[in-house]
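Since the structure comes first, as structure tokens, the remarks are kept for the end.
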Amino acid sequence: MEQPASGLAAAPPVAHHPAIPARPACVYTSCYCEENVWKLCEFIQNQNQFPLEEFYAVFISNDRRMVPLWKQQAGCGGQPVIWDYHVILLHVSNGDQNFIYDLDTVLPFPCLFDTYIEEAFKPDSSLNPGFRRKVRVVRADAYLKTFASDRSHMKDASGNWLKPPPAYPCIETADFKMNLDDFISMNPDVGWGSVLTLPEFAQGFGNQN
């Protein structure tokens with residue numbers, strides 16, 4: 001696994017109390033980031049130690065579904081990973097800085113929001129316009145109530161798993177068995193939450209002090 005270079009990512013301040021257990025204790029299945037974040041939201045709701053309205057599921061994608069992210073465990077050296085989409089958890093803290101929880105990063109868990117933006121995203125201005133990232137920000141309570149996946153996107157044409165699925169049952173609601181595409185879509189007229197450009201996301205949730 002790639003390790004972050006010394007001095008790149010400072011640990012969160014001592015005063016910050018993580019809302020999530022240490023990374024090894026989290027429910028995690030490789031390549032199922034949308035469900036991993038759903039499980040983090042479920043944990044926060046069940047523990048009832050932090051207001052659920054402080055947390056957001058953040059889908060990262062674009063119209064081409066080709067988004068580069070740096071500092072990912074799947075990366076090689078300093079090269080980015082090109083995902084079709086990725087999902088992280090945002091904690092809008094009542095302190096000076098917000099935090100990102102990403103179970104697939106080599107950055108700290110949690111990671112200071114501004115550090116994550118700088119290290120994992122890199123500036124849009126340095127990218128071909130076709131690779132520029134957008135985000136869909138969905139409140140955790142809404143995500144728990146509306147998200148559904150039958151995991152069909154992880155099967156090939158013959159019905160074989162591309163990656164082993166989680167051991168727990170598929171997540172579904174009374175209305176949906178599969179609506180993942182509505183969350184991945186960066187069309188603001190589709191799905192739940194708000195769609196932002198990466199600069200809007202960085203400015204809206206970054207350290208204002």
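Letters A, B, ... mark the chains of the structure tokens in the order given; residue numbers begin at 1 per chain; ligand numbers begin at 1, in order shown.
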
Restrict the calculation to only C-alpha atoms, then for each residue of stretch 33-94 of chain A with any atom at most 9 Å from an atom of stretch 105-116 of chain A give the closest atom pair and their distance in Å to one decimal, rows by chain and rising residue number, as JSON lines.
{"residue": "A:Trp70", "atom": "CA", "partner": "A:Thr105", "partner_atom": "CA", "distance": 8.3}
{"residue": "A:Lys71", "atom": "CA", "partner": "A:Val106", "partner_atom": "CA", "distance": 5.6}
{"residue": "A:Gln72", "atom": "CA", "partner": "A:Thr105", "partner_atom": "CA", "distance": 4.3}
{"residue": "A:Gln73", "atom": "CA", "partner": "A:Thr105", "partner_atom": "CA", "distance": 5.5}
{"residue": "A:Ala74", "atom": "CA", "partner": "A:Thr105", "partner_atom": "CA", "distance": 8.5}
{"residue": "A:Leu90", "atom": "CA", "partner": "A:Phe113", "partner_atom": "CA", "distance": 8.1}
{"residue": "A:His91", "atom": "CA", "partner": "A:Phe113", "partner_atom": "CA", "distance": 8.8}

Based on the selection just made, write all heavy atoms of those residues as a PDB file, in the first residue's frame.
ATOM      1  N   TRP A  70      -6.169  11.237  -6.458  1.00  0.00           N
ATOM      2  CA  TRP A  70      -4.852  10.894  -5.955  1.00  0.00           C
ATOM      3  C   TRP A  70      -4.964  10.346  -4.531  1.00  0.00           C
ATOM      4  O   TRP A  70      -6.008  10.421  -3.897  1.00  0.00           O
ATOM      5  CB  TRP A  70      -3.961  12.121  -5.960  1.00  0.00           C
ATOM      6  CG  TRP A  70      -3.397  12.481  -7.295  1.00  0.00           C
ATOM      7  CD1 TRP A  70      -2.131  12.229  -7.768  1.00  0.00           C
ATOM      8  CD2 TRP A  70      -4.063  13.181  -8.369  1.00  0.00           C
ATOM      9  NE1 TRP A  70      -1.979  12.710  -9.047  1.00  0.00           N
ATOM     10  CE2 TRP A  70      -3.142  13.294  -9.439  1.00  0.00           C
ATOM     11  CE3 TRP A  70      -5.357  13.705  -8.533  1.00  0.00           C
ATOM     12  CZ2 TRP A  70      -3.465  13.935 -10.636  1.00  0.00           C
ATOM     13  CZ3 TRP A  70      -5.686  14.332  -9.714  1.00  0.00           C
ATOM     14  CH2 TRP A  70      -4.748  14.438 -10.758  1.00  0.00           C
ATOM     15  N   LYS A  71      -3.870   9.773  -4.051  1.00  0.00           N
ATOM     16  CA  LYS A  71      -3.784   9.258  -2.676  1.00  0.00           C
ATOM     17  C   LYS A  71      -4.804   8.148  -2.404  1.00  0.00           C
ATOM     18  O   LYS A  71      -5.330   8.025  -1.302  1.00  0.00           O
ATOM     19  CB  LYS A  71      -3.945  10.392  -1.651  1.00  0.00           C
ATOM     20  CG  LYS A  71      -2.895  11.476  -1.778  1.00  0.00           C
ATOM     21  CD  LYS A  71      -1.506  10.914  -1.530  1.00  0.00           C
ATOM     22  CE  LYS A  71      -0.434  11.984  -1.704  1.00  0.00           C
ATOM     23  NZ  LYS A  71       0.920  11.451  -1.506  1.00  0.00           N
ATOM     24  N   GLN A  72      -5.095   7.346  -3.418  1.00  0.00           N
ATOM     25  CA  GLN A  72      -5.971   6.199  -3.243  1.00  0.00           C
ATOM     26  C   GLN A  72      -5.131   4.939  -3.037  1.00  0.00           C
ATOM     27  O   GLN A  72      -4.049   4.793  -3.613  1.00  0.00           O
ATOM     28  CB  GLN A  72      -6.876   6.022  -4.467  1.00  0.00           C
ATOM     29  CG  GLN A  72      -7.878   7.147  -4.670  1.00  0.00           C
ATOM     30  CD  GLN A  72      -9.049   7.042  -3.713  1.00  0.00           C
ATOM     31  OE1 GLN A  72      -9.919   6.184  -3.848  1.00  0.00           O
ATOM     32  NE2 GLN A  72      -9.079   7.932  -2.727  1.00  0.00           N
ATOM     33  N   GLN A  73      -5.631   4.027  -2.226  1.00  0.00           N
ATOM     34  CA  GLN A  73      -4.908   2.779  -1.979  1.00  0.00           C
ATOM     35  C   GLN A  73      -4.668   1.999  -3.273  1.00  0.00           C
ATOM     36  O   GLN A  73      -3.685   1.267  -3.392  1.00  0.00           O
ATOM     37  CB  GLN A  73      -5.684   1.918  -0.980  1.00  0.00           C
ATOM     38  CG  GLN A  73      -5.759   2.514   0.410  1.00  0.00           C
ATOM     39  CD  GLN A  73      -6.592   1.672   1.363  1.00  0.00           C
ATOM     40  OE1 GLN A  73      -6.844   0.499   1.110  1.00  0.00           O
ATOM     41  NE2 GLN A  73      -7.020   2.272   2.454  1.00  0.00           N
ATOM     42  N   ALA A  74      -5.574   2.156  -4.240  1.00  0.00           N
ATOM     43  CA  ALA A  74      -5.435   1.448  -5.513  1.00  0.00           C
ATOM     44  C   ALA A  74      -4.433   2.117  -6.439  1.00  0.00           C
ATOM     45  O   ALA A  74      -4.134   1.594  -7.512  1.00  0.00           O
ATOM     46  CB  ALA A  74      -6.800   1.351  -6.209  1.00  0.00           C
ATOM     47  N   LEU A  90     -18.650  13.350   4.237  1.00  0.00           N
ATOM     48  CA  LEU A  90     -18.288  14.687   4.697  1.00  0.00           C
ATOM     49  C   LEU A  90     -18.917  14.947   6.054  1.00  0.00           C
ATOM     50  O   LEU A  90     -20.121  14.754   6.234  1.00  0.00           O
ATOM     51  CB  LEU A  90     -18.773  15.733   3.684  1.00  0.00           C
ATOM     52  CG  LEU A  90     -18.770  17.199   4.132  1.00  0.00           C
ATOM     53  CD1 LEU A  90     -17.341  17.700   4.375  1.00  0.00           C
ATOM     54  CD2 LEU A  90     -19.474  18.074   3.088  1.00  0.00           C
ATOM     55  N   HIS A  91     -18.102  15.394   7.008  1.00  0.00           N
ATOM     56  CA  HIS A  91     -18.602  15.830   8.318  1.00  0.00           C
ATOM     57  C   HIS A  91     -18.450  17.339   8.396  1.00  0.00           C
ATOM     58  O   HIS A  91     -17.336  17.861   8.427  1.00  0.00           O
ATOM     59  CB  HIS A  91     -17.818  15.165   9.452  1.00  0.00           C
ATOM     60  CG  HIS A  91     -18.335  15.544  10.810  1.00  0.00           C
ATOM     61  ND1 HIS A  91     -17.638  15.300  11.972  1.00  0.00           N
ATOM     62  CD2 HIS A  91     -19.500  16.145  11.202  1.00  0.00           C
ATOM     63  CE1 HIS A  91     -18.335  15.734  13.016  1.00  0.00           C
ATOM     64  NE2 HIS A  91     -19.464  16.263  12.569  1.00  0.00           N
TER      65      HIS A  91
END

Among stretch 60-129 of chain A, which residues carry a DSSP assignment of strand (DSSP E), reported as a PyMOL selection string?
chain A and resi 60-61+67-69+81-83+86-91+99-101+111-112

Excluding same-chain residues fewer than 4 positions from stretch 29-31 of chain A, what lies within 8 Å of it counting only C-alpha atoms, as an MDAnalysis selection string?
chainID A and resid 36 163 165:166

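The gap separating atom CA of A:Val135 from atom CA of A:Val195 is 5.6 Å, in Å to one decimal.
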